[in-house]
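Source file: run_1.cif (mmCIF, C-alpha atoms)
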```cif
data_coords
loop_
_atom_site.label_atom_id
_atom_site.label_comp_id
_atom_site.auth_asym_id
_atom_site.auth_seq_id
_atom_site.Cartn_x
_atom_site.Cartn_y
_atom_site.Cartn_z
CA MET A 1 22.33 13.61 42.01
CA LEU A 2 19.99 15.25 39.53
CA SER A 3 16.64 13.59 39.05
CA LYS A 4 16.29 11.43 36.03
CA VAL A 5 14.59 13.41 33.31
CA LYS A 6 10.94 12.56 33.30
CA TYR A 7 9.46 15.46 31.39
CA THR A 8 10.74 17.59 28.61
CA GLU A 9 11.23 21.18 29.69
CA GLU A 10 8.19 22.19 27.63
CA GLU A 11 5.94 19.65 29.33
CA LEU A 12 7.21 20.58 32.75
CA VAL A 13 6.58 24.26 32.11
CA ALA A 14 3.08 23.57 30.79
CA LEU A 15 2.19 21.44 33.83
CA VAL A 16 3.59 23.85 36.41
CA LYS A 17 1.77 26.71 34.69
CA ASP A 18 -1.32 24.63 35.11
CA GLY A 19 -0.68 24.63 38.86
CA ASN A 20 0.33 20.99 39.01
CA ARG A 21 1.96 20.21 42.38
CA ASP A 22 3.49 16.94 41.19
CA ALA A 23 5.20 18.66 38.32
CA PHE A 24 6.39 21.35 40.69
CA SER A 25 7.68 18.65 43.02
CA TYR A 26 9.61 17.21 40.11
CA LEU A 27 10.91 20.66 39.25
CA TYR A 28 12.04 21.12 42.85
CA ASP A 29 13.83 17.76 42.89
CA ASN A 30 15.55 18.56 39.65
CA TYR A 31 16.69 22.11 40.32
CA SER A 32 16.79 22.66 44.08
CA ARG A 33 20.34 21.33 44.56
CA ALA A 34 21.79 23.64 41.95
CA LEU A 35 19.79 26.66 43.07
CA PHE A 36 20.64 25.96 46.69
CA GLY A 37 24.29 25.80 45.65
CA VAL A 38 24.03 29.18 43.94
CA ILE A 39 22.35 30.75 46.99
CA TYR A 40 24.75 29.13 49.40
CA LYS A 41 27.76 30.32 47.46
CA ILE A 42 26.47 33.88 47.58
CA VAL A 43 25.26 34.05 51.18
CA ALA A 44 27.72 31.47 52.59
CA GLU A 45 25.39 30.54 55.42
CA GLU A 46 23.48 27.27 55.42
CA THR A 47 20.33 28.14 57.38
CA GLU A 48 19.91 31.46 55.63
CA ALA A 49 20.50 29.79 52.27
CA GLU A 50 17.74 27.30 53.05
CA ASP A 51 15.30 30.07 53.95
CA ILE A 52 16.15 31.96 50.78
CA LEU A 53 15.75 28.79 48.70
CA GLN A 54 12.29 28.22 50.15
CA ASN A 55 11.28 31.78 49.33
CA VAL A 56 12.80 31.49 45.89
CA PHE A 57 10.73 28.41 45.08
CA LEU A 58 7.65 30.09 46.44
CA LYS A 59 8.33 33.01 44.16
CA ILE A 60 8.91 30.62 41.25
CA TRP A 61 5.54 28.98 41.93
CA ASN A 62 3.69 32.27 42.28
CA SER A 63 5.18 34.01 39.28
CA PHE A 64 5.42 30.97 37.04
CA SER A 65 2.75 32.32 34.69
CA SER A 66 5.17 35.09 33.68
CA TYR A 67 7.77 32.59 32.48
CA SER A 68 7.93 31.52 28.85
CA GLY A 69 10.56 29.80 26.75
CA ASP A 70 11.05 33.09 24.89
CA LYS A 71 12.77 34.44 27.99
CA GLY A 72 15.43 31.74 27.86
CA ARG A 73 16.01 28.51 29.73
CA LEU A 74 13.83 27.66 32.70
CA TYR A 75 16.96 27.17 34.78
CA SER A 76 18.29 30.60 33.76
CA TRP A 77 15.03 32.22 34.77
CA MET A 78 15.02 30.50 38.16
CA LEU A 79 18.73 31.21 38.55
CA ASN A 80 18.04 34.92 38.17
CA ILE A 81 15.35 34.77 40.87
CA ALA A 82 17.69 32.89 43.22
CA ARG A 83 20.64 35.15 42.47
CA ASN A 84 18.67 38.36 42.93
CA ALA A 85 17.13 37.11 46.19
CA SER A 86 20.58 36.16 47.50
CA ILE A 87 22.23 39.42 46.49
CA ASP A 88 19.34 41.40 47.99
CA PHE A 89 19.81 39.45 51.19
CA ILE A 90 23.54 40.15 51.30
CA ARG A 91 22.96 43.83 50.58
CA SER A 92 20.41 44.29 53.33
CA LYS A 93 22.68 42.41 55.73
CA GLN A 94 25.63 44.59 54.76
CA ASN A 95 23.48 47.68 55.11
CA LYS A 96 22.55 46.60 58.59
CA MET A 97 26.15 45.89 59.51
CA ASN A 98 27.45 49.20 58.33
CA SER A 99 25.76 52.27 57.01
CA GLN A 100 27.99 52.37 53.95
CA ASN A 101 26.67 51.29 50.62
CA PHE A 102 27.39 47.74 49.68
CA GLN A 103 30.32 47.30 47.33
CA SER A 104 30.05 44.45 44.93
CA ASP A 105 33.72 43.62 45.59
CA ASN A 106 32.63 42.38 48.97
CA ILE A 107 30.64 39.64 47.35
CA VAL A 108 33.64 38.43 45.43
CA ASN A 109 35.69 38.51 48.60
CA GLU A 110 33.05 36.59 50.36
CA ILE A 111 32.76 34.03 47.58
CA ASN A 112 36.49 33.59 47.40
CA ARG A 113 36.74 33.31 51.13
CA HIS A 114 34.14 30.66 51.06
CA HIS A 115 35.84 28.71 48.31
CA ASN A 116 39.14 28.92 50.07
CA THR A 117 37.87 27.55 53.34
CA SER A 118 38.14 23.83 53.46
CA VAL A 119 34.58 22.64 53.17
CA ASN A 120 34.15 19.07 54.31
CA TYR A 121 31.02 18.46 52.31
CA ASP A 122 31.25 16.24 49.35
CA HIS A 123 27.72 15.00 49.18
CA ILE A 124 27.44 14.96 45.44
CA GLY A 125 30.49 12.79 44.91
CA LEU A 126 32.32 15.41 42.92
CA LYS A 127 35.39 15.73 45.00
CA ASN A 128 37.82 18.38 43.87
CA VAL A 129 35.58 19.77 41.13
CA LEU A 130 36.40 23.25 42.30
CA SER A 131 40.07 22.64 42.99
CA LYS A 132 40.58 21.27 39.49
CA LEU A 133 39.48 24.55 37.99
CA ASP A 134 42.03 27.35 37.68
CA GLU A 135 41.42 30.26 40.04
CA GLU A 136 41.15 32.54 37.05
CA HIS A 137 38.47 30.41 35.43
CA LYS A 138 36.67 30.05 38.71
CA LEU A 139 36.66 33.79 39.31
CA ILE A 140 35.16 34.52 35.92
CA ILE A 141 32.49 31.84 36.18
CA ASP A 142 31.63 32.95 39.70
CA LEU A 143 31.26 36.59 38.67
CA ALA A 144 28.86 35.63 35.92
CA TYR A 145 27.13 32.85 37.78
CA PHE A 146 26.80 34.04 41.33
CA GLU A 147 26.75 37.77 40.79
CA GLY A 148 25.03 37.93 37.44
CA TYR A 149 27.72 40.03 35.80
CA THR A 150 27.39 40.26 32.04
CA GLN A 151 30.47 39.42 29.99
CA ASP A 152 30.82 43.11 29.27
CA GLU A 153 30.77 43.98 32.97
CA ILE A 154 33.32 41.30 33.76
CA SER A 155 35.54 42.68 31.01
CA LYS A 156 35.39 46.16 32.58
CA LYS A 157 35.74 44.89 36.12
CA LEU A 158 38.79 42.73 35.44
CA ASN A 159 40.17 45.09 32.82
CA MET A 160 40.29 42.19 30.41
CA PRO A 161 39.31 42.24 26.70
CA LEU A 162 35.74 41.08 26.09
CA GLY A 163 36.98 38.36 23.73
CA THR A 164 39.23 36.97 26.48
CA VAL A 165 36.31 36.95 28.92
CA LYS A 166 34.15 35.03 26.47
CA THR A 167 36.95 32.56 25.75
CA ARG A 168 37.71 32.03 29.43
CA ILE A 169 34.07 31.44 30.34
CA ARG A 170 33.77 28.95 27.54
CA GLN A 171 37.07 27.26 28.41
CA ALA A 172 36.09 27.10 32.06
CA ILE A 173 32.81 25.40 31.25
CA ILE A 174 34.48 23.00 28.84
CA LYS A 175 36.97 22.17 31.61
CA LEU A 176 34.06 21.65 33.99
CA ARG A 177 32.45 19.29 31.53
CA THR A 178 35.58 17.21 31.22
CA ILE A 179 36.00 17.09 35.00
CA ILE A 180 32.39 16.02 35.43
CA ASN A 181 32.49 13.43 32.71
CA MET B 1 28.12 32.83 11.44
CA ASN B 2 27.83 29.04 11.25
CA THR B 3 26.57 26.85 14.06
CA ASN B 4 30.03 25.95 15.33
CA ASP B 5 31.16 29.57 15.43
CA PHE B 6 27.99 30.39 17.26
CA ILE B 7 28.52 27.61 19.79
CA SER B 8 32.06 28.78 20.45
CA SER B 9 31.19 32.49 20.60
CA GLY B 10 30.41 32.41 24.33
CA VAL B 11 26.84 33.58 23.85
CA LEU B 12 25.39 30.19 24.86
CA GLU B 13 27.21 30.43 28.19
CA SER B 14 25.70 33.91 28.76
CA PHE B 15 22.35 32.50 27.77
CA VAL B 16 22.44 29.77 30.41
CA LEU B 17 24.01 32.05 33.02
CA GLY B 18 21.02 34.35 32.59
CA THR B 19 23.17 37.31 31.56
CA ALA B 20 22.37 37.38 27.84
CA THR B 21 20.59 40.36 26.31
CA GLN B 22 17.05 40.13 24.93
CA GLU B 23 18.43 40.12 21.36
CA GLU B 24 20.87 37.33 22.20
CA ILE B 25 18.10 35.27 23.84
CA LYS B 26 15.92 35.72 20.78
CA LEU B 27 18.76 34.69 18.48
CA VAL B 28 19.66 31.63 20.58
CA ASN B 29 16.00 30.54 20.72
CA GLU B 30 15.73 30.82 16.95
CA LEU B 31 18.90 28.79 16.42
CA CYS B 32 17.73 26.13 18.88
CA ARG B 33 14.65 25.59 16.79
CA LYS B 34 16.70 25.19 13.63
CA HIS B 35 19.75 23.34 14.97
CA PRO B 36 19.29 20.58 17.56
CA GLU B 37 23.04 20.65 18.22
CA VAL B 38 22.73 24.16 19.66
CA LEU B 39 20.09 22.94 22.11
CA GLN B 40 22.30 19.96 23.01
CA GLU B 41 25.19 22.29 23.68
CA ILE B 42 22.98 24.50 25.88
CA GLU B 43 21.79 21.47 27.84
CA ALA B 44 25.37 20.32 28.36
CA ILE B 45 26.42 23.78 29.56
CA GLU B 46 23.42 23.91 31.86
CA GLN B 47 24.14 20.48 33.33
CA SER B 48 27.76 21.43 33.98
CA LEU B 49 26.76 24.68 35.63
CA MET B 50 24.15 22.96 37.79
CA ILE B 51 26.71 20.45 38.96
CA TYR B 52 29.23 23.24 39.53
CA ALA B 53 26.74 25.16 41.68
CA ALA B 54 25.90 22.08 43.72
CA ALA B 55 29.52 21.05 44.21
CA GLU B 56 30.89 21.35 47.75
CA VAL B 57 27.65 22.62 49.17
CA PRO B 58 26.03 21.18 52.31
CA GLU B 59 23.28 18.66 51.72
CA LEU B 60 19.93 20.29 51.33
CA SER B 61 17.57 19.34 54.12
CA GLY B 62 14.38 17.57 53.08
CA LEU B 63 12.55 19.83 55.50
CA VAL B 64 12.89 22.72 53.08
CA LYS B 65 10.76 20.92 50.53
CA GLU B 66 8.21 19.93 53.18
CA LYS B 67 7.91 23.50 54.42
CA LEU B 68 7.69 24.81 50.89
CA PHE B 69 4.95 22.43 49.84
CA SER B 70 2.98 23.12 53.00
CA GLN B 71 2.73 26.70 51.76
CA LEU B 72 1.40 25.74 48.36
CA PRO B 73 -2.33 25.37 47.76
CA LYS B 74 -3.26 21.77 48.60
CA ASN B 75 -5.50 21.06 45.67
CA ASN B 76 -5.45 22.68 42.38
CA SER B 77 -9.02 23.41 41.40
CA LYS B 78 -8.09 22.93 37.76
CA ILE B 79 -6.85 19.40 38.36
CA ALA B 80 -8.91 16.39 39.38
CA THR B 81 -6.06 14.07 40.18
CA SER B 82 -2.64 15.29 39.44
CA GLU B 83 -1.11 12.08 38.25
CA ASN B 84 -3.97 11.39 35.88
CA LYS B 85 -3.82 14.89 34.65
CA ILE B 86 -0.12 14.60 34.04
CA HIS B 87 -0.56 11.47 32.00
CA GLN B 88 -3.58 12.87 30.27
CA LEU B 89 -1.75 16.06 29.46
CA LYS B 90 1.31 14.19 28.40
CA SER B 91 -0.61 11.85 26.13
CA GLU B 92 -2.79 14.68 24.86
CA ASN B 93 0.31 16.66 24.18
CA TYR B 94 1.92 13.74 22.45
CA PHE B 95 -1.21 12.93 20.52
CA ARG B 96 -1.69 16.50 19.47
CA TYR B 97 1.96 16.81 18.69
CA TYR B 98 2.03 13.64 16.61
CA LYS B 99 -1.20 14.52 14.83
CA ILE B 100 0.19 17.88 13.88
CA ALA B 101 3.59 16.42 13.08
CA VAL B 102 2.12 13.69 10.87
CA ALA B 103 -0.20 16.11 9.12
CA ALA B 104 2.64 18.56 8.61
CA SER B 105 4.95 15.81 7.32
CA MET B 106 2.30 14.58 4.89
CA ALA B 107 1.64 18.08 3.67
CA LEU B 108 5.34 18.71 3.24
CA LEU B 109 5.81 15.38 1.49
CA LEU B 110 2.95 16.10 -0.90
CA MET B 111 4.22 19.59 -1.57
CA SER B 112 7.71 18.31 -2.03
CA SER B 113 6.51 15.55 -4.42
CA ALA B 114 4.44 18.01 -6.40
CA PHE B 115 7.38 20.35 -6.70
CA ASN B 116 9.64 17.45 -7.65
CA ILE B 117 7.30 16.33 -10.41
CA TYR B 118 6.80 19.87 -11.61
CA PHE B 119 10.49 20.69 -11.65
CA TYR B 120 11.42 17.31 -13.11
CA ASN B 121 9.04 17.84 -16.02
CA LYS B 122 10.25 21.35 -16.46
CA LEU B 123 13.84 20.14 -16.44
CA GLN B 124 13.04 17.42 -19.01
CA LYS B 125 11.33 19.93 -21.26
CA THR B 126 14.16 22.41 -20.92
CA THR B 127 16.76 19.71 -21.59
CA SER B 128 15.06 18.55 -24.81
CA GLU B 129 14.55 22.14 -25.91
CA LEU B 130 18.21 22.79 -25.31
CA GLU B 131 19.17 19.69 -27.29
CA ALA B 132 16.97 20.77 -30.19
CA LEU B 133 18.47 24.23 -30.09
CA ASN B 134 21.98 22.80 -30.03
CA THR B 135 21.23 20.59 -33.02
CA GLU B 136 19.77 23.54 -34.86
CA LYS B 137 22.77 25.67 -33.95
CA GLN B 138 25.13 22.96 -35.24
CA TYR B 139 23.13 22.74 -38.47
CA TYR B 140 23.42 26.47 -39.07
CA ALA B 141 27.09 26.45 -38.16
CA ASP B 142 27.69 23.67 -40.72
CA GLN B 143 25.61 25.49 -43.30
CA PHE B 144 27.57 28.62 -42.68
CA ASN B 145 30.87 26.79 -43.14
CA VAL B 146 29.64 25.23 -46.36
CA GLN B 147 28.47 28.59 -47.65
CA GLN B 148 31.68 30.26 -46.62
CA THR B 149 33.83 27.63 -48.33
CA SER B 150 31.68 27.86 -51.39
CA LEU B 151 31.89 31.65 -51.42
CA LYS B 152 35.63 31.53 -50.97
CA ASN B 153 36.00 29.11 -53.83
CA ALA B 154 33.81 31.30 -56.00
CA GLN B 155 35.86 34.36 -55.05
CA ASN B 156 39.10 32.55 -55.83
CA ASP B 157 37.72 31.39 -59.13
CA LEU B 158 36.54 34.88 -59.94
CA ALA B 159 39.93 36.34 -59.04
CA GLU B 160 41.61 33.76 -61.25
CA LEU B 161 39.27 34.38 -64.14
CA SER B 162 39.57 38.15 -63.78
CA ASN B 163 43.25 37.91 -64.49
CA PRO B 164 43.79 39.73 -67.86
CA GLU B 165 46.31 37.09 -68.95
CA ILE B 166 43.71 34.35 -68.89
CA LYS B 167 42.83 32.77 -72.22
CA ILE B 168 39.46 31.20 -72.87
CA ILE B 169 39.53 28.29 -75.29
CA LYS B 170 36.31 26.78 -76.50
CA LEU B 171 36.43 23.01 -77.06
CA ASN B 172 34.03 21.77 -79.76
CA SER B 173 32.72 18.29 -80.22
CA ILE B 174 34.48 16.09 -82.81
CA GLY B 175 34.37 12.45 -83.92
CA ILE B 176 31.05 10.72 -83.68
CA ASP B 177 29.53 13.62 -81.81
CA ALA B 178 30.80 16.22 -84.28
CA GLY B 179 28.32 18.98 -84.88
CA LYS B 180 26.42 18.37 -81.66
CA PRO B 181 26.05 21.44 -79.47
CA VAL B 182 28.37 19.97 -76.92
CA SER B 183 31.28 21.97 -75.67
CA ALA B 184 33.44 22.88 -72.76
CA LEU B 185 35.51 25.96 -71.92
CA ILE B 186 39.16 25.97 -70.92
CA TYR B 187 40.56 28.89 -68.98
CA TRP B 188 44.30 28.90 -69.27
CA ASN B 189 46.87 31.32 -67.99
CA ALA B 190 50.04 30.85 -69.99
CA THR B 191 52.13 32.75 -67.43
CA THR B 192 51.01 31.05 -64.26
CA HIS B 193 50.15 27.79 -66.08
CA LYS B 194 46.89 27.54 -64.15
CA THR B 195 44.23 25.61 -66.06
CA TYR B 196 40.49 25.34 -65.44
CA ILE B 197 37.68 23.60 -67.19
CA ASN B 198 34.00 24.46 -67.27
CA SER B 199 32.24 21.23 -68.28
CA ILE B 200 28.76 22.69 -68.12
CA GLN B 201 27.52 21.45 -71.51
CA LEU B 202 28.96 17.94 -71.40
CA PRO B 203 26.68 14.95 -71.02
CA ALA B 204 27.52 12.46 -68.27
CA PRO B 205 30.18 9.96 -69.45
CA PRO B 206 29.23 6.27 -69.89
CA GLU B 207 29.25 4.00 -66.83
CA GLY B 208 32.76 3.30 -65.56
CA LYS B 209 34.27 6.05 -67.72
CA GLN B 210 35.58 9.50 -67.02
CA TYR B 211 36.50 12.53 -69.09
CA GLN B 212 40.22 13.31 -69.31
CA LEU B 213 41.74 16.63 -70.47
CA TRP B 214 44.90 16.67 -72.56
CA ALA B 215 47.11 19.46 -73.79
CA LEU B 216 49.11 19.13 -76.96
CA VAL B 217 52.56 20.57 -76.30
CA ASP B 218 54.85 20.51 -79.34
CA GLY B 219 52.65 17.80 -80.85
CA LYS B 220 52.80 15.56 -77.79
CA PRO B 221 49.77 14.90 -75.50
CA VAL B 222 50.27 15.98 -71.89
CA ASP B 223 47.86 14.75 -69.22
CA ALA B 224 45.92 17.63 -67.59
CA GLY B 225 43.83 15.40 -65.28
CA VAL B 226 40.42 13.76 -65.21
CA PHE B 227 37.22 15.65 -64.43
CA ASP B 228 33.61 15.01 -63.65
CA VAL B 229 30.52 16.60 -65.02
CA LEU B 230 29.26 18.48 -62.02
CA PRO B 231 25.62 19.37 -61.65
CA ASP B 232 26.53 22.77 -60.22
CA SER B 233 26.25 25.13 -63.18
CA VAL B 234 28.81 27.63 -61.93
CA SER B 235 31.47 25.17 -60.94
CA LEU B 236 34.86 25.45 -62.46
CA GLN B 237 37.25 22.56 -62.02
CA LYS B 238 40.89 23.22 -61.54
CA MET B 239 43.11 20.97 -63.70
CA LYS B 240 46.84 20.27 -63.67
CA ASP B 241 49.12 23.19 -64.54
CA ILE B 242 49.94 23.21 -68.21
CA THR B 243 52.93 24.87 -69.88
CA GLY B 244 53.22 25.79 -73.53
CA ALA B 245 50.01 24.25 -74.88
CA GLN B 246 48.88 24.75 -78.46
CA THR B 247 45.75 22.63 -78.33
CA PHE B 248 43.42 21.16 -75.64
CA ALA B 249 41.47 17.96 -76.16
CA VAL B 250 39.14 15.77 -74.12
CA THR B 251 38.92 11.98 -74.39
CA ILE B 252 36.73 9.46 -72.62
CA GLU B 253 38.91 7.09 -70.62
CA VAL B 254 38.40 4.41 -67.97
CA LYS B 255 37.75 5.84 -64.54
CA GLY B 256 40.91 7.31 -63.08
CA GLY B 257 42.33 8.25 -66.47
CA SER B 258 44.98 6.80 -68.84
CA PRO B 259 48.68 7.63 -69.25
CA THR B 260 48.15 8.20 -72.99
CA PRO B 261 45.01 9.42 -74.75
CA THR B 262 42.75 6.90 -76.50
CA LEU B 263 42.46 8.82 -79.75
CA SER B 264 39.35 6.92 -80.89
CA GLU B 265 37.58 8.24 -77.78
CA MET B 266 38.47 11.88 -78.40
CA CYS B 267 35.28 13.94 -78.14
CA LEU B 268 36.36 17.60 -77.78
CA LEU B 269 39.10 19.66 -79.35
CA GLY B 270 40.07 23.29 -79.39
CA ASN B 271 43.07 25.23 -80.61
CA ILE B 272 44.56 28.24 -78.87
#
```
Could the structure of this file be written out as structure tokens, please?
Amino acid sequence: MLSKVKYTEEELVALVKDGNRDAFSYLYDNYSRALFGVIYKIVAEETEAEDILQNVFLKIWNSFSSYSGDKGRLYSWMLNIARNASIDFIRSKQNKMNSQNFQSDNIVNEINRHHNTSVNYDHIGLKNVLSKLDEEHKLIIDLAYFEGYTQDEISKKLNMPLGTVKTRIRQAIIKLRTIIN
Amino acid sequence: MNTNDFISSGVLESFVLGTATQEEIKLVNELCRKHPEVLQEIEAIEQSLMIYAAAEVPELSGLVKEKLFSQLPKNNSKIATSENKIHQLKSENYFRYYKIAVAASMALLLMSSAFNIYFYNKLQKTTSELEALNTEKQYYADQFNVQQTSLKNAQNDLAELSNPEIKIIKLNSIGIDAGKPVSALIYWNATTHKTYINSIQLPAPPEGKQYQLWALVDGKPVDAGVFDVLPDSVSLQKMKDITGAQTFAVTIEVKGGSPTPTLSEMCLLGNI
């Protein structure tokens, strides 16, 4: 489901910085599924998620010169763009729907609602990936992944010691890895 | 913190999730450069998270990519043909990378060899110096022991000779050597029976022979032991303990001494 690695991350970054469309096409093929997944899980609406994804990649292309390896992984950088765009979208939608300020809890509710609905899609051949993860693990990963909460913020939000948060995130990802492999 | 602790600390997960602090990102980047296993771990976490995000999500329409690329500039002025450029860049990158890598390796190898030779020579030199010093130290330690033993003996002798009960008996030459300025001194303590001889003026005995000291006790010869003529001018030789002597005499006997004195070989005599 992910494109076979053709470039090292360094080469890819250098080529895209150079304005290379083919390299950007490769980058899109490699990362669009994951970024679309992130957006979709935040906004929970397919057409809107597609529009956001398109804008996100446009933004990635236009602001690529500001990225460097010093800022972290390429995926993490793009993830932040996708996440912020999606959260902004949700916030403006919520603001339109009611005049009250958006509460971040609503996102969690929305995410959980989405996860709990029986989605018939299984296009990536990873049936039950989500159901094999404990709800607790899923919640923590989702807070960090789809809402961009730092470990410290998760600790405060869930009233859970920071060490436990770190352990759970790590355990959850290790579990994910075993499920995937 | 070692690499494993670092991997299990949860900071790599934050790093990939894009929620790490600037300091953490800097630290992780540094560790990635030093430890390939950290980078591997990050890649594994990233792959898992990408799969997790894509799981149970509707298939992404190909139209999105089409629409996106229609918005991008058609030709990049910097690039003649993209594919060529990619290969060119890739090979240039590789070439440059390998050139630098080879040059750096050679430089490191040369430096390392130079240091090895330098430190090996230094080590050799230090080792032989240490050996020489150890030998010298051993020599002085031995010398010290010899000197100490010698001093102790001298002190013991002096203590013995300082005893007011000691008697000094001069043995004069008799027989064929009579009249020659050959003599020996006997130091005898009648109470403790300790007997010493100072053989300083005696010539060396004939080959295969040895001097033997006798005491005459009630007219009978009593063996007081054999002795050598020592080159050391201060040396006293301790002889067997003697009780009730009236006369001391020295004979020349076969090496190891005789049970009875060979009277014809008597060379020194002295009365108390």
For this session: With a distance threshold of 7 Å and counting all atoms listed in the file, extract the residues of chain A near chain B and express them as a PyMOL selection string.
Result: chain A and resi 19-20+22+33-34+37-38+50+54+58+70-73+76-77+80+119+121-124+126+129+144-145+148-150+166-167+170+173+176-177
Can you translate the PyMOL selection byres ((chain B and resi 258) around 12) into the concrete residues it hits in this file, as a short mmCIF file (atom, residue, chain, number, x, y, z; two decimals) with C-alpha atoms, keeping the file's coordinate frame?
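Printed below is expr.cif as written:
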```
data_model
loop_
_atom_site.label_atom_id
_atom_site.label_comp_id
_atom_site.auth_asym_id
_atom_site.auth_seq_id
_atom_site.Cartn_x
_atom_site.Cartn_y
_atom_site.Cartn_z
CA LYS B 209 34.27 6.05 -67.72
CA GLN B 210 35.58 9.50 -67.02
CA TYR B 211 36.50 12.53 -69.09
CA GLN B 212 40.22 13.31 -69.31
CA LEU B 213 41.74 16.63 -70.47
CA TRP B 214 44.90 16.67 -72.56
CA PRO B 221 49.77 14.90 -75.50
CA VAL B 222 50.27 15.98 -71.89
CA ASP B 223 47.86 14.75 -69.22
CA ALA B 224 45.92 17.63 -67.59
CA GLY B 225 43.83 15.40 -65.28
CA VAL B 226 40.42 13.76 -65.21
CA VAL B 250 39.14 15.77 -74.12
CA THR B 251 38.92 11.98 -74.39
CA ILE B 252 36.73 9.46 -72.62
CA GLU B 253 38.91 7.09 -70.62
CA VAL B 254 38.40 4.41 -67.97
CA LYS B 255 37.75 5.84 -64.54
CA GLY B 256 40.91 7.31 -63.08
CA GLY B 257 42.33 8.25 -66.47
CA PRO B 259 48.68 7.63 -69.25
CA THR B 260 48.15 8.20 -72.99
CA PRO B 261 45.01 9.42 -74.75
CA THR B 262 42.75 6.90 -76.50
CA LEU B 263 42.46 8.82 -79.75
CA GLU B 265 37.58 8.24 -77.78
#
```
For this session: Run through the PyMOL selection byres ((chain A and resi 12-16) around 9) on the given coordinates and return the selected residues as a PyMOL selection string.
Result: (chain A and resi 6-11+17-24+26-27+61+64-65+67-69+74) or (chain B and resi 85-86+89)
For this session: Write out as a ChimeraX atom specification which residues come within 10 Å of A:Asn84 when counting all atoms listed in the file, dropping same-chain ones fewer than 4 positions away.
Result: /A:39,56,78-80,88-90,146-148
For this session: Could you please give me, as number ranges by chain, the residues of protein, DNA or RNA lying at most 10 Å from (42.0, 29.6, 34.8) in the coordinate frame of the file, considering all atoms listed in the file?
Result: A: 132-141, 168-169, 171-172, 175
Exercise. What does the distance between atom CA of B:Gln237 and atom CA of B:Ser199 come to in Å, to one decimal place?
Worked result: 8.1 Å
Your completed stretch 63-75 of chain A with N, CA and C atoms, as a PDB file, in the frame of the given file:
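Everything below was put into selection00.pdb:
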```pdb
ATOM      1  N   SER A  63       5.034  33.181  40.485  1.00  0.00           N
ATOM      2  CA  SER A  63       5.180  34.010  39.280  1.00  0.00           C
ATOM      3  C   SER A  63       5.426  33.163  38.033  1.00  0.00           C
ATOM      4  N   PHE A  64       5.092  31.860  38.161  1.00  0.00           N
ATOM      5  CA  PHE A  64       5.420  30.970  37.040  1.00  0.00           C
ATOM      6  C   PHE A  64       4.705  31.357  35.744  1.00  0.00           C
ATOM      7  N   SER A  65       3.517  31.953  35.900  1.00  0.00           N
ATOM      8  CA  SER A  65       2.750  32.320  34.690  1.00  0.00           C
ATOM      9  C   SER A  65       3.513  33.341  33.829  1.00  0.00           C
ATOM     10  N   SER A  66       4.442  34.072  34.465  1.00  0.00           N
ATOM     11  CA  SER A  66       5.170  35.090  33.680  1.00  0.00           C
ATOM     12  C   SER A  66       6.351  34.491  32.917  1.00  0.00           C
ATOM     13  N   TYR A  67       6.651  33.186  33.216  1.00  0.00           N
ATOM     14  CA  TYR A  67       7.770  32.590  32.480  1.00  0.00           C
ATOM     15  C   TYR A  67       7.310  32.043  31.137  1.00  0.00           C
ATOM     16  N   SER A  68       8.164  32.235  30.113  1.00  0.00           N
ATOM     17  CA  SER A  68       7.930  31.520  28.850  1.00  0.00           C
ATOM     18  C   SER A  68       9.288  31.215  28.241  1.00  0.00           C
ATOM     19  N   GLY A  69       9.309  30.223  27.382  1.00  0.00           N
ATOM     20  CA  GLY A  69      10.560  29.800  26.750  1.00  0.00           C
ATOM     21  C   GLY A  69      11.253  30.933  26.003  1.00  0.00           C
ATOM     22  N   ASP A  70      10.461  31.954  25.598  1.00  0.00           N
ATOM     23  CA  ASP A  70      11.050  33.090  24.890  1.00  0.00           C
ATOM     24  C   ASP A  70      12.046  33.850  25.771  1.00  0.00           C
ATOM     25  N   LYS A  71      11.889  33.695  27.089  1.00  0.00           N
ATOM     26  CA  LYS A  71      12.770  34.440  27.990  1.00  0.00           C
ATOM     27  C   LYS A  71      14.079  33.707  28.221  1.00  0.00           C
ATOM     28  N   GLY A  72      14.207  32.504  27.669  1.00  0.00           N
ATOM     29  CA  GLY A  72      15.430  31.740  27.860  1.00  0.00           C
ATOM     30  C   GLY A  72      15.119  30.436  28.568  1.00  0.00           C
ATOM     31  N   ARG A  73      16.186  29.787  29.055  1.00  0.00           N
ATOM     32  CA  ARG A  73      16.010  28.510  29.730  1.00  0.00           C
ATOM     33  C   ARG A  73      15.260  28.688  31.038  1.00  0.00           C
ATOM     34  N   LEU A  74      14.518  27.665  31.417  1.00  0.00           N
ATOM     35  CA  LEU A  74      13.830  27.660  32.700  1.00  0.00           C
ATOM     36  C   LEU A  74      14.841  27.831  33.830  1.00  0.00           C
ATOM     37  N   TYR A  75      15.946  27.081  33.712  1.00  0.00           N
ATOM     38  CA  TYR A  75      16.960  27.170  34.780  1.00  0.00           C
ATOM     39  C   TYR A  75      17.503  28.590  34.879  1.00  0.00           C
TER      40      TYR A  75
END
```
